[in-house]
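Chemist: Structure file structure_39.cif (mmCIF, C-alpha atoms and all ligand atoms) right here:
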```cif
data_protein
#
loop_
_atom_site.label_atom_id
_atom_site.label_comp_id
_atom_site.auth_asym_id
_atom_site.auth_seq_id
_atom_site.Cartn_x
_atom_site.Cartn_y
_atom_site.Cartn_z
CA GLU J 21 0.00 0.00 0.00
CA VAL J 22 1.59 3.25 -1.20
CA ALA J 23 0.80 6.42 0.70
CA ASP J 24 -0.86 9.07 -1.45
CA ILE J 25 2.00 11.50 -0.96
CA ALA J 26 1.27 13.25 -4.26
CA SER J 27 -2.47 13.67 -3.92
CA GLY J 28 -3.73 17.05 -5.10
CA LEU J 29 -0.69 17.59 -7.32
CA ARG J 30 -0.99 17.96 -11.08
CA VAL J 31 1.89 16.46 -13.04
CA LEU J 32 2.90 16.59 -16.71
CA VAL J 33 5.32 14.02 -18.10
CA THR J 34 6.70 13.93 -21.65
CA ALA J 35 8.07 10.60 -22.83
CA GLY J 36 9.24 8.61 -25.81
CA PRO J 37 10.84 9.83 -29.01
CA THR J 38 9.34 12.19 -31.55
CA HIS J 39 9.21 11.29 -35.22
CA GLU J 40 9.81 13.96 -37.83
CA ALA J 41 8.60 12.89 -41.25
CA ILE J 42 10.98 12.94 -44.20
CA ASP J 43 8.28 11.54 -46.45
CA PRO J 44 5.25 9.28 -45.77
CA ILE J 45 7.57 6.29 -45.24
CA ARG J 46 10.66 7.69 -43.49
CA TYR J 47 11.36 9.77 -40.44
CA ILE J 48 14.06 11.23 -38.21
CA ALA J 49 13.98 10.13 -34.58
CA ASN J 50 16.00 9.82 -31.40
CA ARG J 51 16.58 6.58 -29.58
CA SER J 52 14.09 6.23 -26.78
CA SER J 53 11.90 3.38 -25.61
CA GLY J 54 9.78 5.61 -23.38
CA LYS J 55 10.33 3.27 -20.42
CA GLN J 56 11.76 5.83 -17.99
CA GLY J 57 9.10 8.44 -18.72
CA TYR J 58 6.29 5.90 -18.46
CA ALA J 59 7.70 4.63 -15.16
CA ILE J 60 7.74 8.19 -13.80
CA ALA J 61 4.16 8.84 -14.91
CA ALA J 62 3.08 5.54 -13.31
CA ALA J 63 4.89 6.30 -10.06
CA PHE J 64 3.27 9.74 -9.75
CA ALA J 65 -0.17 8.26 -10.43
CA GLN J 66 0.40 5.53 -7.83
CA SER J 67 1.25 8.27 -5.37
CA GLY J 68 -2.08 9.95 -5.98
CA ALA J 69 -1.11 12.71 -8.41
CA GLN J 70 -3.24 13.72 -11.37
CA VAL J 71 -0.98 12.79 -14.25
CA THR J 72 -0.99 13.67 -17.94
CA LEU J 73 1.51 11.80 -20.10
CA VAL J 74 2.30 13.36 -23.46
CA SER J 75 3.87 10.51 -25.36
CA GLY J 76 5.66 10.18 -28.65
CA PRO J 77 5.41 6.90 -30.57
CA THR J 78 6.08 3.86 -28.33
CA SER J 79 4.58 0.41 -27.98
CA LEU J 80 4.10 0.75 -24.22
CA PRO J 81 0.65 0.48 -22.65
CA ALA J 82 -0.64 3.56 -20.81
CA PRO J 83 0.05 3.28 -17.07
CA GLU J 84 -2.98 2.92 -14.84
CA ASP J 85 -4.75 6.16 -13.87
CA VAL J 86 -2.69 8.24 -16.30
CA ALA J 87 -4.26 10.41 -19.01
CA ARG J 88 -2.17 9.75 -22.09
CA ILE J 89 -2.04 12.02 -25.12
CA HIS J 90 -0.39 10.54 -28.21
CA VAL J 91 1.73 12.77 -30.40
CA THR J 92 4.16 12.16 -33.23
CA THR J 93 6.23 15.30 -33.79
CA ALA J 94 7.94 17.83 -31.51
CA GLU J 95 5.52 20.54 -32.60
CA GLU J 96 2.58 18.31 -31.68
CA MET J 97 4.22 17.55 -28.34
CA LEU J 98 4.61 21.24 -27.57
CA TYR J 99 1.01 21.93 -28.55
CA ALA J 100 -0.26 19.06 -26.38
CA CYS J 101 1.79 20.26 -23.39
CA ARG J 102 0.29 23.74 -23.75
CA GLN J 103 -3.22 22.25 -23.87
CA VAL J 104 -2.63 20.51 -20.54
CA GLY J 105 -2.55 23.88 -18.80
CA SER J 106 -0.94 24.64 -15.48
CA VAL J 107 0.68 21.87 -13.46
CA ASP J 108 2.66 21.70 -10.23
CA ILE J 109 5.41 19.45 -11.59
CA ALA J 110 6.63 18.93 -15.15
CA VAL J 111 9.05 16.15 -16.03
CA CYS J 112 10.44 16.27 -19.58
CA VAL J 113 11.78 12.82 -20.32
CA ALA J 114 10.98 12.76 -24.03
CA ALA J 115 13.86 12.41 -26.47
CA VAL J 116 12.64 15.18 -28.73
CA ALA J 117 14.20 15.38 -32.19
CA ASP J 118 16.17 18.61 -32.29
CA TRP J 119 15.51 19.06 -35.98
CA ARG J 120 12.67 18.57 -38.42
CA LEU J 121 12.48 18.78 -42.19
CA GLU J 122 11.98 22.27 -43.50
CA THR J 123 9.43 20.72 -45.84
CA SER J 124 8.53 17.06 -45.66
CA SER J 125 7.58 15.40 -48.90
CA ALA J 126 3.99 14.29 -49.54
CA HIS J 127 5.36 11.53 -51.77
CA LYS J 128 7.97 8.88 -51.17
CA LEU J 129 11.39 10.18 -52.20
CA LYS J 130 12.78 8.15 -55.06
CA LYS J 131 16.32 6.86 -54.95
CA GLY J 132 17.09 7.91 -58.48
CA ASP J 133 20.70 7.98 -59.74
CA ASP J 134 22.09 10.54 -57.33
CA GLU J 135 24.68 9.41 -54.79
CA ARG J 136 23.68 12.23 -52.48
CA LEU J 137 20.53 13.54 -50.89
CA GLN J 138 20.39 16.92 -49.21
CA LEU J 139 17.81 17.40 -46.51
CA SER J 140 17.16 20.86 -45.17
CA LEU J 141 16.46 20.83 -41.43
CA VAL J 142 15.08 23.49 -39.12
CA LYS J 143 15.27 23.57 -35.34
CA ASN J 144 12.39 22.22 -33.33
CA PRO J 145 11.00 24.13 -30.35
CA ASP J 146 12.58 23.24 -27.02
CA ILE J 147 9.64 22.06 -24.93
CA LEU J 148 11.56 21.90 -21.65
CA ALA J 149 12.85 25.46 -22.08
CA MET J 150 9.35 26.63 -22.97
CA ILE J 151 7.81 25.05 -19.87
CA SER J 152 10.61 26.49 -17.71
CA GLN J 153 10.05 30.08 -18.78
CA PRO J 154 9.44 32.27 -15.75
CA GLY J 155 5.88 33.44 -15.25
CA PRO J 156 2.79 32.91 -13.16
CA SER J 157 1.93 29.58 -14.81
CA ARG J 158 5.42 28.06 -14.51
CA PRO J 159 5.26 24.73 -12.65
CA SER J 160 6.83 24.98 -9.21
CA LEU J 161 9.21 22.19 -10.18
CA VAL J 162 10.50 21.46 -13.70
CA ILE J 163 12.73 18.44 -14.23
CA GLY J 164 14.70 17.80 -17.40
CA PHE J 165 16.74 14.82 -18.52
CA ALA J 166 20.08 14.77 -20.27
CA ALA J 167 21.74 11.90 -22.07
CA GLU J 168 25.40 12.74 -22.38
CA THR J 169 28.40 10.89 -23.73
CA ASP J 170 31.14 13.18 -22.34
CA ASP J 171 31.64 15.41 -19.31
CA ILE J 172 28.24 14.27 -18.13
CA GLN J 173 27.90 16.39 -15.02
CA GLN J 174 29.38 19.54 -16.48
CA ASN J 175 27.19 19.39 -19.58
CA ALA J 176 24.12 18.54 -17.56
CA ALA J 177 24.70 21.41 -15.13
CA GLN J 178 25.10 23.76 -18.07
CA LYS J 179 21.86 22.44 -19.57
CA ARG J 180 20.08 23.13 -16.30
CA THR J 181 20.96 26.82 -16.35
CA GLN J 182 20.48 27.23 -20.11
CA LYS J 183 16.99 25.76 -20.07
CA ASN J 184 16.07 27.28 -16.72
CA CYS J 185 14.72 24.03 -15.30
CA ASP J 186 15.09 23.16 -11.61
CA TRP J 187 16.70 19.75 -11.86
CA ILE J 188 18.51 17.82 -14.53
CA VAL J 189 18.63 14.06 -14.37
CA ALA J 190 21.76 13.08 -16.25
CA ASN J 191 22.57 9.67 -17.58
CA GLY J 192 25.73 8.62 -19.28
CA VAL J 193 25.52 7.10 -22.71
CA ASP J 194 28.44 4.86 -23.57
CA ALA J 195 29.28 1.18 -24.03
CA GLN J 196 29.12 0.53 -20.28
CA ASN J 197 25.87 2.33 -19.71
CA ALA J 198 23.57 2.51 -22.72
CA PRO J 199 20.17 2.94 -21.12
CA PHE J 200 18.05 2.80 -24.30
CA GLY J 201 15.39 0.14 -23.94
CA GLN J 202 17.07 -1.29 -20.84
CA ASP J 203 15.42 -1.66 -17.46
CA ASP J 204 18.34 -0.35 -15.40
CA ASN J 205 20.12 2.97 -15.43
CA THR J 206 22.63 5.08 -13.49
CA VAL J 207 21.54 8.67 -13.05
CA THR J 208 22.88 11.84 -11.47
CA ILE J 209 20.43 14.41 -10.15
CA ILE J 210 21.69 17.97 -10.39
CA ASP J 211 19.83 20.78 -8.69
CA GLU J 212 20.76 24.33 -7.77
CA THR J 213 22.96 23.32 -4.87
CA SER J 214 23.76 19.62 -5.07
CA THR J 215 24.75 16.68 -7.22
CA GLU J 216 23.68 13.19 -6.28
CA THR J 217 24.33 9.93 -8.14
CA TRP J 218 22.02 6.92 -7.96
CA PRO J 219 24.05 4.01 -9.36
CA GLY J 220 22.58 1.01 -11.20
CA LEU J 221 18.88 1.13 -10.38
CA PRO J 222 15.86 -0.24 -12.19
CA LYS J 223 14.03 2.55 -14.04
CA LYS J 224 11.00 1.90 -11.82
CA GLU J 225 13.09 2.48 -8.71
CA ILE J 226 14.53 5.68 -10.19
CA ALA J 227 10.96 6.80 -10.85
CA ALA J 228 9.85 6.04 -7.29
CA ARG J 229 12.78 7.95 -5.79
CA LEU J 230 12.28 10.88 -8.12
CA VAL J 231 8.62 11.12 -7.12
CA GLN J 232 9.55 11.08 -3.43
CA ARG J 233 12.09 13.82 -3.90
CA ALA J 234 9.90 15.93 -6.20
CA VAL J 235 6.88 15.81 -3.92
CA LYS J 236 8.95 16.67 -0.88
CA THR J 237 10.45 19.67 -2.70
CA VAL J 238 7.15 20.97 -4.02
CA ARG J 239 5.39 20.54 -0.69
CA SER J 240 8.11 22.46 1.13
CA ARG J 241 8.05 25.26 -1.47
CA THR J 242 4.30 25.73 -1.36
CA SER J 243 3.66 25.12 2.33
CA HIS J 244 2.16 28.20 3.90
CA SER J 245 -0.10 26.78 6.57
O1 LIG L 301 19.21 19.61 -25.22
P1 LIG L 301 18.87 18.19 -24.92
O2 LIG L 301 18.01 17.55 -25.98
O3 LIG L 301 20.04 17.35 -24.56
O4 LIG L 301 17.98 18.30 -23.59
C1 LIG L 301 17.34 17.20 -23.05
C2 LIG L 301 16.19 17.66 -22.23
O5 LIG L 301 15.42 18.66 -22.90
C3 LIG L 301 15.19 16.55 -21.95
O6 LIG L 301 14.54 16.81 -20.74
C4 LIG L 301 14.22 16.69 -23.13
O7 LIG L 301 12.96 16.13 -22.82
C5 LIG L 301 14.15 18.18 -23.29
N1 LIG L 301 13.91 18.65 -24.65
C6 LIG L 301 12.68 19.21 -24.98
N2 LIG L 301 12.47 19.69 -26.27
C7 LIG L 301 13.46 19.67 -27.18
C8 LIG L 301 14.72 19.12 -26.85
C9 LIG L 301 14.90 18.62 -25.58
O8 LIG L 301 11.78 19.24 -24.15
N3 LIG L 301 13.23 20.14 -28.41
#
```
Here is the file; what I need is its structure written in the form of structure tokens.
Ligand code: C5P

Modeler:
Amino acid sequence: EVADIASGLRVLVTAGPTHEAIDPIRYIANRSSGKQGYAIAAAFAQSGAQVTLVSGPTSLPAPEDVARIHVTTAEEMLYACRQVGSVDIAVCVAAVADWRLETSSAHKLKKGDDERLQLSLVKNPDILAMISQPGPSRPSLVIGFAAETDDIQQNAAQKRTQKNCDWIVANGVDAQNAPFGQDDNTVTIIDETSTETWPGLPKKEIAARLVQRAVKTVRSRTSHS
């Protein structure tokens, strides 16, 4: 029996990859199974929060008591997040494609005789940075994720300030620790004042711990009774 520590809290989670169409058959995407984001959404719901999960394409079933919105592209993900309205906690776990085609083709591109194909890409909106913008409707806690191959903590800390989120959950991506599609991961939580590493945990356990820590933080920030 889990205590309803998160009851009364509204939570937004983004998860999975986004797909940016090249043509009706092909797309650009990031590697992401959606497992960590889904586990976080599930853990918040189990703790009594009201959870909306904005999910890119995955084959995972919706966690119990979670309102899931399916999206395909980064632009759709941003739009869906805006539609959700104000939340207390936002957790951006989605591996959003940084780029999309300037114009995607309505017809399948033919191979033809050319040895080269030039695709023109434009930058996608940064959903985490958007959600983190200061203002009256900013969530009291915004958590971002960072998959890094080098200088993990330094890059992640930099990402935290650049995007103006409260915490960054960093995970290393290399031969020893390639989390994609796996059930276990090693993460480092970076906030304004501290850095804490949680080595080799199941994604579900990471989710449970993150929920504990997030709820505690939000409750202490908003307590005025
Ligand atoms: O910049 P980078 O993609 O490494 O940042 C990762 C973090 O930013 C993740 O939390 C991811 O969900 C979020 N992100 C986003 N929208 C983007 C790119 C990244 O929300 N367009």

Chemist: Looking at only C-alpha atoms and all ligand atoms, which of J:Ala228, J:Leu32, J:Ile25, J:Val189 is the one that sits closest to ligand LIG 301 (chain L)?

Modeler: J:Val189

Chemist: Scan for residues within 10 Å of the point (15.8, 23.0, -27.2) in the coordinates of the file, using only C-alpha atoms, and reply as a list in words.

Modeler: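 Collected hits near the coordinates: Val116, Ala117, Asp118, Trp119, Lys143, Asn144, Pro145, Asp146, Ile147, Leu148, Ala149, Met150, Lys179, Gln182 and Lys183 of chain J.
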
Chemist: Take atom CA of J:Glu122 and atom CA of J:Leu139 and report the distance between them in Å, one decimal.

Modeler: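 Rounded to one decimal, the two atoms are 8.2 Å apart.
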
Chemist: Please put the answer as AutoDock Vina command-line options: centre and edge lengths, in Å with one decimal, of a box along x, y and z that encloses all listed atoms of ligand LIG 301 (chain L) plus 3 Å on each side.

Modeler:
```
--center_x 15.9 --center_y 18.1 --center_z -24.6 --size_x 14.3 --size_y 10.0 --size_z 13.7
```

Chemist: Compare J:Leu80, J:Ala35, J:Ala100, J:Val207 by their minimum atom-to-atom distance to J:Ala176, counting only C-alpha atoms, and give me the closest one.

Modeler: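 Among the listed residues, J:Val207 lies closest to J:Ala176.
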
Chemist: Please produce stretch 115-132 of chain J, completed to N, CA and C atoms, as a short mmCIF file (atom, residue, chain, number, x, y, z; two decimals), in the frame of the given file.

Modeler:
```cif
data_model
loop_
_atom_site.label_atom_id
_atom_site.label_comp_id
_atom_site.auth_asym_id
_atom_site.auth_seq_id
_atom_site.Cartn_x
_atom_site.Cartn_y
_atom_site.Cartn_z
N ALA J 115 12.69 12.18 -25.62
CA ALA J 115 13.86 12.41 -26.47
C ALA J 115 13.35 13.09 -27.74
N VAL J 116 13.22 14.40 -27.63
CA VAL J 116 12.64 15.18 -28.73
C VAL J 116 13.68 15.33 -29.83
N ALA J 117 13.27 15.14 -31.07
CA ALA J 117 14.20 15.38 -32.19
C ALA J 117 14.51 16.87 -32.23
N ASP J 118 15.79 17.20 -32.29
CA ASP J 118 16.17 18.61 -32.29
C ASP J 118 15.84 19.31 -33.60
N TRP J 119 15.71 18.50 -34.65
CA TRP J 119 15.51 19.06 -35.98
C TRP J 119 14.32 18.41 -36.68
N ARG J 120 13.68 19.16 -37.54
CA ARG J 120 12.67 18.57 -38.42
C ARG J 120 12.93 19.06 -39.84
N LEU J 121 12.31 18.38 -40.80
CA LEU J 121 12.48 18.78 -42.19
C LEU J 121 11.86 20.15 -42.42
N GLU J 122 12.54 20.96 -43.17
CA GLU J 122 11.98 22.27 -43.50
C GLU J 122 10.66 22.07 -44.25
N THR J 123 10.68 21.14 -45.20
CA THR J 123 9.43 20.72 -45.84
C THR J 123 9.50 19.22 -46.02
N SER J 124 8.53 18.51 -45.45
CA SER J 124 8.53 17.06 -45.66
C SER J 124 7.74 16.77 -46.94
N SER J 125 8.16 15.71 -47.60
CA SER J 125 7.58 15.40 -48.90
C SER J 125 6.27 14.64 -48.76
N ALA J 126 5.28 14.99 -49.56
CA ALA J 126 3.99 14.29 -49.54
C ALA J 126 4.11 12.94 -50.25
N HIS J 127 5.17 12.78 -51.02
CA HIS J 127 5.36 11.53 -51.77
C HIS J 127 6.68 10.89 -51.39
N LYS J 128 6.74 9.58 -51.50
CA LYS J 128 7.97 8.88 -51.17
C LYS J 128 9.11 9.36 -52.06
N LEU J 129 10.23 9.74 -51.43
CA LEU J 129 11.39 10.18 -52.20
C LEU J 129 11.96 8.99 -52.98
N LYS J 130 12.23 9.22 -54.24
CA LYS J 130 12.78 8.15 -55.06
C LYS J 130 14.29 8.14 -54.98
N LYS J 131 14.87 6.96 -55.05
CA LYS J 131 16.32 6.86 -54.95
C LYS J 131 17.03 7.51 -56.14
N GLY J 132 16.50 7.29 -57.30
CA GLY J 132 17.09 7.91 -58.48
C GLY J 132 18.55 7.52 -58.69
#
```
